[in-house]
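Novice: One file is attached below, structure29.cif, containing mmCIF, C-alpha atoms.
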```cif
data_protein
loop_
_atom_site.group_PDB
_atom_site.id
_atom_site.type_symbol
_atom_site.label_atom_id
_atom_site.label_comp_id
_atom_site.auth_asym_id
_atom_site.auth_seq_id
_atom_site.Cartn_x
_atom_site.Cartn_y
_atom_site.Cartn_z
ATOM 1 C CA MET D 1 -12.325 4.063 15.287
ATOM 2 C CA PHE D 2 -9.420 2.208 13.913
ATOM 3 C CA VAL D 3 -6.441 3.941 15.441
ATOM 4 C CA SER D 4 -6.044 3.631 19.175
ATOM 5 C CA PRO D 5 -6.600 7.086 20.745
ATOM 6 C CA GLN D 6 -4.089 6.285 23.499
ATOM 7 C CA ARG D 7 -1.391 5.447 21.042
ATOM 8 C CA PHE D 8 -1.872 8.275 18.610
ATOM 9 C CA ASN D 9 -3.456 10.834 20.911
ATOM 10 C CA LEU D 10 -6.527 11.229 18.771
ATOM 11 C CA SER D 11 -9.622 12.609 20.378
ATOM 12 C CA THR D 12 -11.109 15.950 19.455
ATOM 13 C CA SER D 13 -8.966 16.257 16.338
ATOM 14 C CA CYS D 14 -10.264 12.878 15.211
ATOM 15 C CA CYS D 15 -13.857 14.147 15.282
ATOM 16 C CA ILE D 16 -12.834 17.109 13.151
ATOM 17 C CA LEU D 17 -11.076 14.805 10.683
ATOM 18 C CA LEU D 18 -14.154 12.593 10.409
ATOM 19 C CA ALA D 19 -16.144 15.577 9.184
ATOM 20 C CA MET D 20 -13.526 16.650 6.627
ATOM 21 C CA ASP D 21 -13.903 16.031 2.942
ATOM 22 C CA GLU D 22 -11.434 13.789 1.201
ATOM 23 C CA SER D 23 -9.431 16.480 -0.569
ATOM 24 C CA ALA D 24 -8.813 18.266 2.763
ATOM 25 C CA LEU D 25 -7.655 14.988 4.330
ATOM 26 C CA ILE D 26 -5.342 14.337 1.381
ATOM 27 C CA GLU D 27 -3.840 17.807 1.718
ATOM 28 C CA LEU D 28 -3.252 17.297 5.436
ATOM 29 C CA ALA D 29 -1.774 13.831 4.890
ATOM 30 C CA ARG D 30 0.487 15.208 2.160
ATOM 31 C CA ASN D 31 1.824 17.652 4.731
ATOM 32 C CA GLY D 32 2.647 14.810 7.110
ATOM 33 C CA ASP D 33 -0.522 14.654 9.235
ATOM 34 C CA ARG D 34 -0.690 10.997 10.196
ATOM 35 C CA GLU D 35 -4.147 11.291 11.778
ATOM 36 C CA ALA D 36 -5.497 12.502 8.456
ATOM 37 C CA PHE D 37 -3.640 9.714 6.702
ATOM 38 C CA GLY D 38 -5.088 7.187 9.189
ATOM 39 C CA GLN D 39 -8.550 8.515 8.369
ATOM 40 C CA LEU D 40 -7.924 8.021 4.639
ATOM 41 C CA VAL D 41 -6.719 4.474 5.308
ATOM 42 C CA ASN D 42 -9.858 3.869 7.316
ATOM 43 C CA GLN D 43 -12.098 5.133 4.515
ATOM 44 C CA HIS D 44 -10.521 3.062 1.751
ATOM 45 C CA ARG D 45 -9.129 -0.089 3.354
ATOM 46 C CA ASP D 46 -12.258 -2.169 2.675
ATOM 47 C CA ALA D 47 -12.271 -1.365 -1.049
ATOM 48 C CA VAL D 48 -8.516 -1.886 -1.417
ATOM 49 C CA TYR D 49 -8.635 -5.202 0.451
ATOM 50 C CA ARG D 50 -11.705 -6.323 -1.529
ATOM 51 C CA PHE D 51 -10.054 -5.637 -4.885
ATOM 52 C CA ALA D 52 -6.814 -7.366 -3.832
ATOM 53 C CA ALA D 53 -8.708 -10.357 -2.404
ATOM 54 C CA ARG D 54 -10.789 -10.817 -5.553
ATOM 55 C CA TRP D 55 -7.764 -10.392 -7.786
ATOM 56 C CA LEU D 56 -5.460 -12.697 -5.836
ATOM 57 C CA ALA D 57 -8.138 -15.049 -4.409
ATOM 58 C CA ASP D 58 -6.065 -15.251 -1.237
ATOM 59 C CA SER D 59 -6.941 -13.476 2.009
ATOM 60 C CA ASP D 60 -3.457 -13.407 3.609
ATOM 61 C CA GLN D 61 -1.771 -12.118 0.483
ATOM 62 C CA ALA D 62 -4.567 -9.593 -0.036
ATOM 63 C CA LEU D 63 -4.076 -8.240 3.482
ATOM 64 C CA ASP D 64 -0.313 -7.918 2.935
ATOM 65 C CA VAL D 65 -0.988 -6.154 -0.368
ATOM 66 C CA ALA D 66 -3.566 -3.809 1.185
ATOM 67 C CA GLN D 67 -1.128 -2.712 3.900
ATOM 68 C CA ASP D 68 1.641 -2.305 1.346
ATOM 69 C CA VAL D 69 -0.691 -0.181 -0.813
ATOM 70 C CA PHE D 70 -1.168 2.376 1.951
ATOM 71 C CA VAL D 71 2.539 2.488 2.759
ATOM 72 C CA ARG D 72 3.226 3.115 -0.947
ATOM 73 C CA ALA D 73 0.374 5.634 -1.062
ATOM 74 C CA PHE D 74 1.852 7.583 1.829
ATOM 75 C CA ASP D 75 5.187 7.762 0.024
ATOM 76 C CA GLY D 76 3.488 8.663 -3.237
ATOM 77 C CA LEU D 77 1.020 11.282 -1.965
ATOM 78 C CA LYS D 78 3.286 14.072 -3.093
ATOM 79 C CA ASN D 79 2.844 12.793 -6.666
ATOM 80 C CA TYR D 80 -0.951 12.479 -6.447
ATOM 81 C CA ARG D 81 -2.331 15.378 -8.475
ATOM 82 C CA GLY D 82 -6.029 14.663 -8.077
ATOM 83 C CA ASP D 83 -6.541 14.019 -11.796
ATOM 84 C CA SER D 84 -8.376 10.816 -10.924
ATOM 85 C CA ARG D 85 -10.458 9.887 -7.880
ATOM 86 C CA PHE D 86 -8.307 9.004 -4.863
ATOM 87 C CA ARG D 87 -9.793 5.499 -4.820
ATOM 88 C CA THR D 88 -8.943 5.002 -8.497
ATOM 89 C CA TRP D 89 -5.359 6.003 -7.708
ATOM 90 C CA LEU D 90 -5.295 3.523 -4.807
ATOM 91 C CA PHE D 91 -6.633 0.774 -7.070
ATOM 92 C CA SER D 92 -3.754 1.421 -9.508
ATOM 93 C CA ILE D 93 -1.287 0.935 -6.660
ATOM 94 C CA THR D 94 -3.210 -2.159 -5.542
ATOM 95 C CA LEU D 95 -2.995 -3.712 -8.974
ATOM 96 C CA ASN D 96 0.763 -3.110 -9.172
ATOM 97 C CA ALA D 97 1.300 -4.555 -5.697
ATOM 98 C CA ALA D 98 -0.907 -7.579 -6.425
ATOM 99 C CA ARG D 99 0.891 -8.200 -9.711
ATOM 100 C CA SER D 100 4.241 -8.188 -7.892
ATOM 101 C CA VAL D 101 2.948 -10.747 -5.385
ATOM 102 C CA ALA D 102 1.522 -12.957 -8.137
ATOM 103 C CA ARG D 103 4.779 -12.843 -10.107
ATOM 104 C CA ARG D 104 6.886 -13.647 -7.045
ATOM 105 C CA GLN D 105 4.563 -16.544 -6.315
ATOM 106 C CA LYS D 106 4.820 -17.781 -9.886
ATOM 107 C CA ARG D 107 8.623 -17.600 -9.802
ATOM 108 C CA ARG D 108 8.665 -19.643 -6.599
ATOM 109 C CA GLY D 109 6.287 -22.153 -8.193
ATOM 110 C CA GLU D 110 3.845 -21.869 -5.297
ATOM 111 C CA ILE D 111 0.415 -23.386 -5.696
ATOM 112 C CA ARG D 112 -2.571 -21.634 -4.171
ATOM 113 C CA LEU D 113 -4.567 -24.066 -2.103
ATOM 114 C CA ASP D 114 -7.061 -21.919 -0.267
ATOM 115 C CA THR D 115 -9.084 -20.379 -3.087
ATOM 116 C CA GLY D 116 -12.635 -19.971 -1.899
ATOM 117 C CA ALA D 117 -11.955 -21.649 1.424
ATOM 118 C CA ASP D 118 -13.312 -18.924 3.698
ATOM 119 C CA PHE D 119 -17.014 -19.337 3.085
ATOM 120 C CA PRO D 120 -19.577 -18.257 5.628
ATOM 121 C CA ASP D 121 -22.267 -20.630 6.842
ATOM 122 C CA PHE D 122 -25.155 -20.374 4.393
ATOM 123 C CA ARG D 123 -27.696 -22.215 6.610
ATOM 124 C CA THR D 124 -28.619 -24.514 3.758
ATOM 125 C CA PRO D 125 -28.810 -28.334 3.644
ATOM 126 C CA PRO D 126 -25.357 -30.014 3.526
ATOM 127 C CA ASP D 127 -25.599 -31.210 -0.086
ATOM 128 C CA ALA D 128 -26.838 -27.885 -1.406
ATOM 129 C CA LYS D 129 -24.272 -26.100 0.730
ATOM 130 C CA ALA D 130 -21.446 -28.233 -0.629
ATOM 131 C CA ALA D 131 -22.603 -27.745 -4.223
ATOM 132 C CA ARG D 132 -22.855 -24.013 -3.673
ATOM 133 C CA ALA D 133 -19.399 -23.876 -2.087
ATOM 134 C CA ASP D 134 -18.002 -25.848 -5.060
ATOM 135 C CA ALA D 135 -19.604 -23.446 -7.522
ATOM 136 C CA PHE D 136 -18.221 -20.436 -5.669
ATOM 137 C CA ALA D 137 -14.739 -21.942 -5.419
ATOM 138 C CA ARG D 138 -14.796 -22.683 -9.128
ATOM 139 C CA ALA D 139 -15.970 -19.166 -9.961
ATOM 140 C CA ALA D 140 -13.195 -17.623 -7.825
ATOM 141 C CA ARG D 141 -10.637 -19.899 -9.489
ATOM 142 C CA GLU D 142 -11.848 -19.077 -13.005
ATOM 143 C CA LEU D 143 -11.683 -15.354 -12.241
ATOM 144 C CA ALA D 144 -8.181 -15.713 -10.796
ATOM 145 C CA ASP D 145 -7.104 -17.616 -13.932
ATOM 146 C CA LEU D 146 -8.103 -14.852 -16.360
ATOM 147 C CA PRO D 147 -5.271 -12.848 -17.976
ATOM 148 C CA GLU D 148 -4.335 -9.872 -15.784
ATOM 149 C CA LYS D 149 -6.082 -7.107 -17.718
ATOM 150 C CA GLN D 150 -9.267 -9.108 -18.158
ATOM 151 C CA ARG D 151 -9.256 -10.043 -14.473
ATOM 152 C CA GLY D 152 -8.768 -6.410 -13.482
ATOM 153 C CA ALA D 153 -11.497 -5.162 -15.839
ATOM 154 C CA VAL D 154 -14.029 -7.794 -14.740
ATOM 155 C CA SER D 155 -13.299 -7.377 -10.996
ATOM 156 C CA LEU D 156 -13.448 -3.599 -11.075
ATOM 157 C CA ARG D 157 -16.659 -3.618 -13.104
ATOM 158 C CA ILE D 158 -18.684 -6.308 -11.353
ATOM 159 C CA TYR D 159 -17.537 -5.748 -7.760
ATOM 160 C CA GLU D 160 -16.661 -2.049 -7.654
ATOM 161 C CA GLY D 161 -18.982 -0.697 -10.378
ATOM 162 C CA LEU D 162 -16.248 1.460 -11.917
ATOM 163 C CA SER D 163 -16.606 3.158 -15.297
ATOM 164 C CA PHE D 164 -14.521 1.872 -18.199
ATOM 165 C CA LYS D 165 -12.600 5.143 -18.202
ATOM 166 C CA GLU D 166 -11.536 4.550 -14.587
ATOM 167 C CA ILE D 167 -10.827 0.885 -15.279
ATOM 168 C CA GLY D 168 -8.606 1.915 -18.202
ATOM 169 C CA GLU D 169 -6.664 4.281 -15.926
ATOM 170 C CA ILE D 170 -6.113 1.494 -13.416
ATOM 171 C CA ILE D 171 -5.165 -1.356 -15.726
ATOM 172 C CA GLY D 172 -3.179 0.925 -18.017
ATOM 173 C CA CYS D 173 -5.114 1.099 -21.277
ATOM 174 C CA SER D 174 -7.711 3.171 -23.102
ATOM 175 C CA GLU D 175 -11.400 3.210 -22.222
ATOM 176 C CA GLY D 176 -12.140 1.177 -25.352
ATOM 177 C CA SER D 177 -9.524 -1.397 -24.522
ATOM 178 C CA ALA D 178 -10.890 -1.680 -20.965
ATOM 179 C CA ARG D 179 -14.286 -2.458 -22.502
ATOM 180 C CA VAL D 180 -12.773 -5.134 -24.761
ATOM 181 C CA ASN D 181 -10.911 -6.713 -21.832
ATOM 182 C CA TYR D 182 -14.129 -6.786 -19.805
ATOM 183 C CA HIS D 183 -16.151 -8.425 -22.592
ATOM 184 C CA HIS D 184 -13.446 -10.995 -23.350
ATOM 185 C CA GLY D 185 -13.153 -11.826 -19.653
ATOM 186 C CA ILE D 186 -16.909 -12.233 -19.246
ATOM 187 C CA GLN D 187 -17.061 -14.393 -22.358
ATOM 188 C CA LYS D 188 -14.355 -16.731 -21.007
ATOM 189 C CA LEU D 189 -16.083 -16.940 -17.639
ATOM 190 C CA ARG D 190 -19.371 -17.662 -19.338
ATOM 191 C CA GLU D 191 -17.804 -20.505 -21.341
ATOM 192 C CA ASN D 192 -16.114 -22.017 -18.295
ATOM 193 C CA LEU D 193 -18.817 -21.521 -15.681
ATOM 194 C CA THR D 194 -22.125 -22.212 -17.409
ATOM 195 C CA MET W 1 -31.916 -12.667 -33.876
ATOM 196 C CA THR W 2 -29.397 -11.068 -31.511
ATOM 197 C CA ASN W 3 -27.853 -7.681 -32.154
ATOM 198 C CA PRO W 4 -24.120 -7.682 -31.199
ATOM 199 C CA GLU W 5 -24.143 -3.986 -30.274
ATOM 200 C CA GLU W 6 -27.156 -4.399 -28.029
ATOM 201 C CA CYS W 7 -25.580 -7.538 -26.484
ATOM 202 C CA ALA W 8 -22.417 -5.539 -25.707
ATOM 203 C CA ARG W 9 -24.423 -2.710 -24.141
ATOM 204 C CA ILE W 10 -26.494 -5.162 -22.080
ATOM 205 C CA GLY W 11 -23.309 -6.994 -21.049
ATOM 206 C CA GLU W 12 -21.959 -3.750 -19.607
ATOM 207 C CA LEU W 13 -25.197 -3.102 -17.714
ATOM 208 C CA ILE W 14 -25.548 -6.593 -16.253
ATOM 209 C CA PRO W 15 -23.410 -6.095 -13.088
ATOM 210 C CA GLU W 16 -25.368 -2.969 -12.136
ATOM 211 C CA PHE W 17 -28.655 -4.601 -13.188
ATOM 212 C CA LEU W 18 -28.000 -7.590 -10.939
ATOM 213 C CA ALA W 19 -27.091 -5.256 -8.099
ATOM 214 C CA GLY W 20 -30.377 -3.387 -8.630
ATOM 215 C CA ARG W 21 -28.620 -0.140 -9.494
ATOM 216 C CA VAL W 22 -29.957 0.639 -12.983
ATOM 217 C CA SER W 23 -32.680 3.091 -13.973
ATOM 218 C CA GLU W 24 -36.208 1.833 -14.529
ATOM 219 C CA ALA W 25 -35.769 2.219 -18.287
ATOM 220 C CA ASP W 26 -32.503 0.210 -18.289
ATOM 221 C CA ASP W 27 -34.066 -2.401 -16.022
ATOM 222 C CA LYS W 28 -36.857 -2.965 -18.573
ATOM 223 C CA ARG W 29 -34.373 -2.946 -21.441
ATOM 224 C CA VAL W 30 -32.126 -5.583 -19.801
ATOM 225 C CA ARG W 31 -35.039 -7.813 -18.793
ATOM 226 C CA LYS W 32 -36.515 -7.683 -22.285
ATOM 227 C CA HIS W 33 -33.169 -8.527 -23.865
ATOM 228 C CA LEU W 34 -32.430 -11.383 -21.467
ATOM 229 C CA GLU W 35 -35.810 -12.962 -22.229
ATOM 230 C CA SER W 36 -34.840 -13.424 -25.864
ATOM 231 C CA CYS W 37 -31.022 -13.756 -25.821
ATOM 232 C CA VAL W 38 -29.645 -17.072 -24.571
ATOM 233 C CA GLU W 39 -26.010 -15.920 -24.813
ATOM 234 C CA CYS W 40 -26.570 -12.853 -22.646
ATOM 235 C CA ARG W 41 -28.621 -14.874 -20.169
ATOM 236 C CA SER W 42 -25.705 -17.245 -19.870
ATOM 237 C CA ARG W 43 -23.270 -14.334 -19.325
ATOM 238 C CA ALA W 44 -25.631 -12.852 -16.743
ATOM 239 C CA ASN W 45 -25.641 -16.185 -14.880
ATOM 240 C CA ALA W 46 -21.835 -16.195 -14.793
ATOM 241 C CA VAL W 47 -21.725 -12.599 -13.495
ATOM 242 C CA SER W 48 -24.397 -13.408 -10.907
ATOM 243 C CA LEU W 49 -22.404 -16.402 -9.664
ATOM 244 C CA LEU W 50 -19.267 -14.267 -9.347
ATOM 245 C CA GLN W 51 -21.105 -11.505 -7.534
ATOM 246 C CA GLN W 52 -22.493 -14.010 -5.031
ATOM 247 C CA THR W 53 -19.119 -15.670 -4.498
ATOM 248 C CA PRO W 54 -18.030 -14.729 -0.969
ATOM 249 C CA MET W 55 -14.893 -12.682 -0.672
ATOM 250 C CA PRO W 56 -12.008 -14.422 1.141
ATOM 251 C CA MET W 57 -12.243 -12.946 4.645
ATOM 252 C CA PRO W 58 -9.133 -11.527 6.324
ATOM 253 C CA ASP W 59 -7.803 -12.848 9.607
ATOM 254 C CA PRO W 60 -9.753 -10.800 12.222
ATOM 255 C CA GLY W 61 -6.672 -10.313 14.419
ATOM 256 C CA ARG W 62 -4.709 -8.721 11.609
ATOM 257 C CA TRP W 63 -7.699 -6.819 10.260
ATOM 258 C CA ASP W 64 -8.380 -5.156 13.623
ATOM 259 C CA HIS W 65 -4.834 -3.794 13.661
ATOM 260 C CA PHE W 66 -4.705 -2.857 10.006
ATOM 261 C CA VAL W 67 -4.080 0.872 10.446
ATOM 262 C CA GLU W 68 -1.475 0.272 13.138
ATOM 263 C CA GLY W 69 0.297 -2.099 10.754
ATOM 264 C CA VAL W 70 0.345 0.589 8.072
ATOM 265 C CA VAL W 71 1.592 3.251 10.492
ATOM 266 C CA ASP W 72 4.282 0.898 11.852
ATOM 267 C CA ALA W 73 5.471 0.082 8.337
ATOM 268 C CA THR W 74 5.463 3.772 7.404
ATOM 269 C CA GLU W 75 7.400 4.709 10.545
ATOM 270 C CA GLU W 76 9.952 2.004 9.788
ATOM 271 C CA LYS W 77 10.616 3.784 6.514
ATOM 272 C CA HIS W 78 10.350 7.225 8.079
ATOM 273 C CA PRO W 79 11.733 7.304 11.669
ATOM 274 C CA PRO W 80 9.629 9.126 14.356
ATOM 275 C CA GLY W 81 11.412 12.461 13.983
ATOM 276 C CA TYR W 82 10.466 12.454 10.294
ATOM 277 C CA TRP W 83 6.949 13.750 10.925
ATOM 278 C CA ARG W 84 8.148 16.663 13.054
ATOM 279 C CA ARG W 85 10.969 17.558 10.647
ATOM 280 C CA LEU W 86 8.614 17.367 7.689
ATOM 281 C CA TRP W 87 6.080 19.563 9.429
ATOM 282 C CA ASP W 88 8.704 22.142 10.503
ATOM 283 C CA LYS W 89 10.109 22.211 7.014
ATOM 284 C CA LEU W 90 6.688 22.740 5.463
ATOM 285 C CA ARG W 91 5.780 25.467 7.961
ATOM 286 C CA GLY W 92 9.150 27.128 7.386
ATOM 287 C CA SER W 93 8.764 27.066 3.633
ATOM 288 C CA ARG W 94 5.450 28.927 3.928
ATOM 289 C CA GLY W 95 7.015 31.933 5.656
ATOM 290 C CA PRO W 96 6.632 33.196 9.243
ATOM 291 C CA ARG W 97 3.888 31.708 11.436
#
```
With the file now loaded, output its structure as C-alpha cells.

Specialist:
Amino acid sequence: MFVSPQRFNLSTSCCILLAMDESALIELARNGDREAFGQLVNQHRDAVYRFAARWLADSDQALDVAQDVFVRAFDGLKNYRGDSRFRTWLFSITLNAARSVARRQKRRGEIRLDTGADFPDFRTPPDAKAARADAFARAARELADLPEKQRGAVSLRIYEGLSFKEIGEIIGCSEGSARVNYHHGIQKLRENLT
Amino acid sequence: MTNPEECARIGELIPEFLAGRVSEADDKRVRKHLESCVECRSRANAVSLLQQTPMPMPDPGRWDHFVEGVVDATEEKHPPGYWRRLWDKLRGSRGPR
C-alpha cells in the first residue's frame, strides 16, 4: 500500500476502499475523503507517469508533472462529470501540465540531455547493447520531437491503446483529426527511424 | 499495389497487433498485408522500436513517496482543517444526520 497507515490511519477502511469501484471512490474523494483520493492516485499513477515520461522523455520532469496532475485533479474533481473515463480525464490534465513544463523549458532555452539514459541491463553483448541503446535513444528523441498533437496521438495509441475518440478528447480535437495526427506522426517516425 | 484505405486501417491496428491484442481475424489480415506492403512494414518496424524503447524510470526514492508528495502538496493548498470543514459542510448541506 502506498500511503503509510501510521500517517493516515488507514487500516480497515483501506481494505474497504480497495474493493470499491472507481465511481464510488471518485464520489468519496469529491466529498473530501483523502483515503479514497489516495486510492485513486494509487490506481492511476503508473499510467499518468508513463504518459508524461513518454511525452517529455524526462523522468524527473515526468514525476513532477504526475504529482502536479493529481493535485490539479483533486482541485478539479468537483468539475469532473464522468462524461469520459476518469483516466482519460487525468490524461487531459497530464497533457496540459506537460505542455506547461515543455514551454517553460523552451523559454529558458534548456537542453534535454538525459533522453533515453535510464535503460535497464539487457544482458546482451556490449556492441549489440550499445547499438540497441542508441536505437532506443533515437526513437525516444524522434517521438519527443514530433509536434504536440502528433506526439500525444502516437503516445496514447501505441503505449496506452486508447481509441481515437478518447485521444481526440485528450489532445483537444475531433476523432477524425486524432486519426490524422496519429498517421502523420507515424509517417514522420517511419521516415526518420527506418 | 497498395490500397491507401487498407494501409490506414492496418496502421491503426499495428500497435495492438504488435502487443498481441488483436482478434484472430485481424491478426491474419495484418500479417497478410505486411507481407505485401513495404511501406506498412516499415511503419510497423518504427512502432515496434518505439514500443520496445524503455520508459525513463523515476527515481525510486521519490516514487516510493509519490502519494505522500501529492497529499503534502494538496494540504499545502488546503490547510489541515479544510478536510474537516469540507466534510461538515457537505454533511450539513444534506440535512440532519

Novice: Run the PyMOL selection byres ((chain W and resi 49-56) around 6) on the file and write out the hits as a ChimeraX atom specification.

Specialist: /D:59,118,136,139 /W:46-48,57

Novice: Can you work out which one of W:Glu12, W:Asp26, W:Glu35, W:Glu6 has the shortest atom-to-atom distance to chain D, counting only C-alpha atoms?

Specialist: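 That would be W:Glu12, the residue with the smallest distance to chain D.
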
Novice: Would you mind reading off the distance between CA of Asn42 in chain D and CA of Trp63 in chain W, one decimal, in Å?

Specialist: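 Between these atoms lies a distance of 11.3 Å.
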
Novice: Give the answer as one residue: which of W:Pro15, W:Ile10, W:Arg41, W:Ser23 has the shortest atom-to-atom distance to chain D, using only C-alpha atoms?

Specialist: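 The shortest atom-to-atom distance to chain D comes from W:Pro15.
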
Novice: At a cut-off of 8 Å, can you tabulate as a tab-separated table every residue of chain D near chain W together with its closest atom pair and the distance in Å to one decimal, using only C-alpha atoms and ordering rows by chain then number?

Specialist:
```
residue	atom	partner	partner_atom	distance
D:Phe2	CA	W:Val67	CA	6.5
D:Val3	CA	W:Val67	CA	6.3
D:Asn31	CA	W:Trp87	CA	6.6
D:Gly32	CA	W:Trp83	CA	5.8
D:Asp33	CA	W:Trp83	CA	7.7
D:Gly38	CA	W:Val67	CA	6.5
D:Val41	CA	W:Val67	CA	6.8
D:Asn42	CA	W:Val67	CA	7.2
D:Arg50	CA	W:Met55	CA	7.2
D:Ala53	CA	W:Pro56	CA	6.3
D:Arg54	CA	W:Met55	CA	6.6
D:Ala57	CA	W:Pro56	CA	6.8
D:Asp58	CA	W:Pro56	CA	6.5
D:Ser59	CA	W:Pro58	CA	5.2
D:Asp60	CA	W:Pro58	CA	6.6
D:Leu63	CA	W:Pro58	CA	6.7
D:Gln67	CA	W:Val70	CA	5.5
D:Asp68	CA	W:Val70	CA	7.4
D:Phe70	CA	W:Val70	CA	6.6
D:Val71	CA	W:Thr74	CA	5.6
D:Phe74	CA	W:Thr74	CA	7.7
D:Thr115	CA	W:Pro56	CA	7.9
D:Gly116	CA	W:Pro56	CA	6.4
D:Ala117	CA	W:Pro56	CA	7.2
D:Asp118	CA	W:Pro56	CA	5.3
D:Phe119	CA	W:Pro54	CA	6.2
D:Pro120	CA	W:Pro54	CA	7.6
D:Ala135	CA	W:Leu49	CA	7.9
D:Phe136	CA	W:Thr53	CA	5.0
D:Ala137	CA	W:Thr53	CA	7.7
D:Ala139	CA	W:Leu50	CA	5.9
D:Ala140	CA	W:Thr53	CA	7.1
D:Arg157	CA	W:Pro15	CA	7.2
D:Ile158	CA	W:Pro15	CA	5.0
D:Tyr159	CA	W:Gln51	CA	6.8
D:Gly161	CA	W:Glu16	CA	7.0
D:His183	CA	W:Gly11	CA	7.5
D:Ile186	CA	W:Arg43	CA	6.7
D:Gln187	CA	W:Arg43	CA	6.9
D:Leu189	CA	W:Ala46	CA	6.5
D:Arg190	CA	W:Arg43	CA	5.1
D:Leu193	CA	W:Ala46	CA	6.2
D:Thr194	CA	W:Ala46	CA	6.6
```

Novice: Please measure the separation of CA of Asp134 in chain D and CA of Phe51 in chain D, giving the value in Å to one decimal.

Specialist: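 Interatomic distance, CA of Asp134 in chain D to CA of Phe51 in chain D: 21.7 Å.
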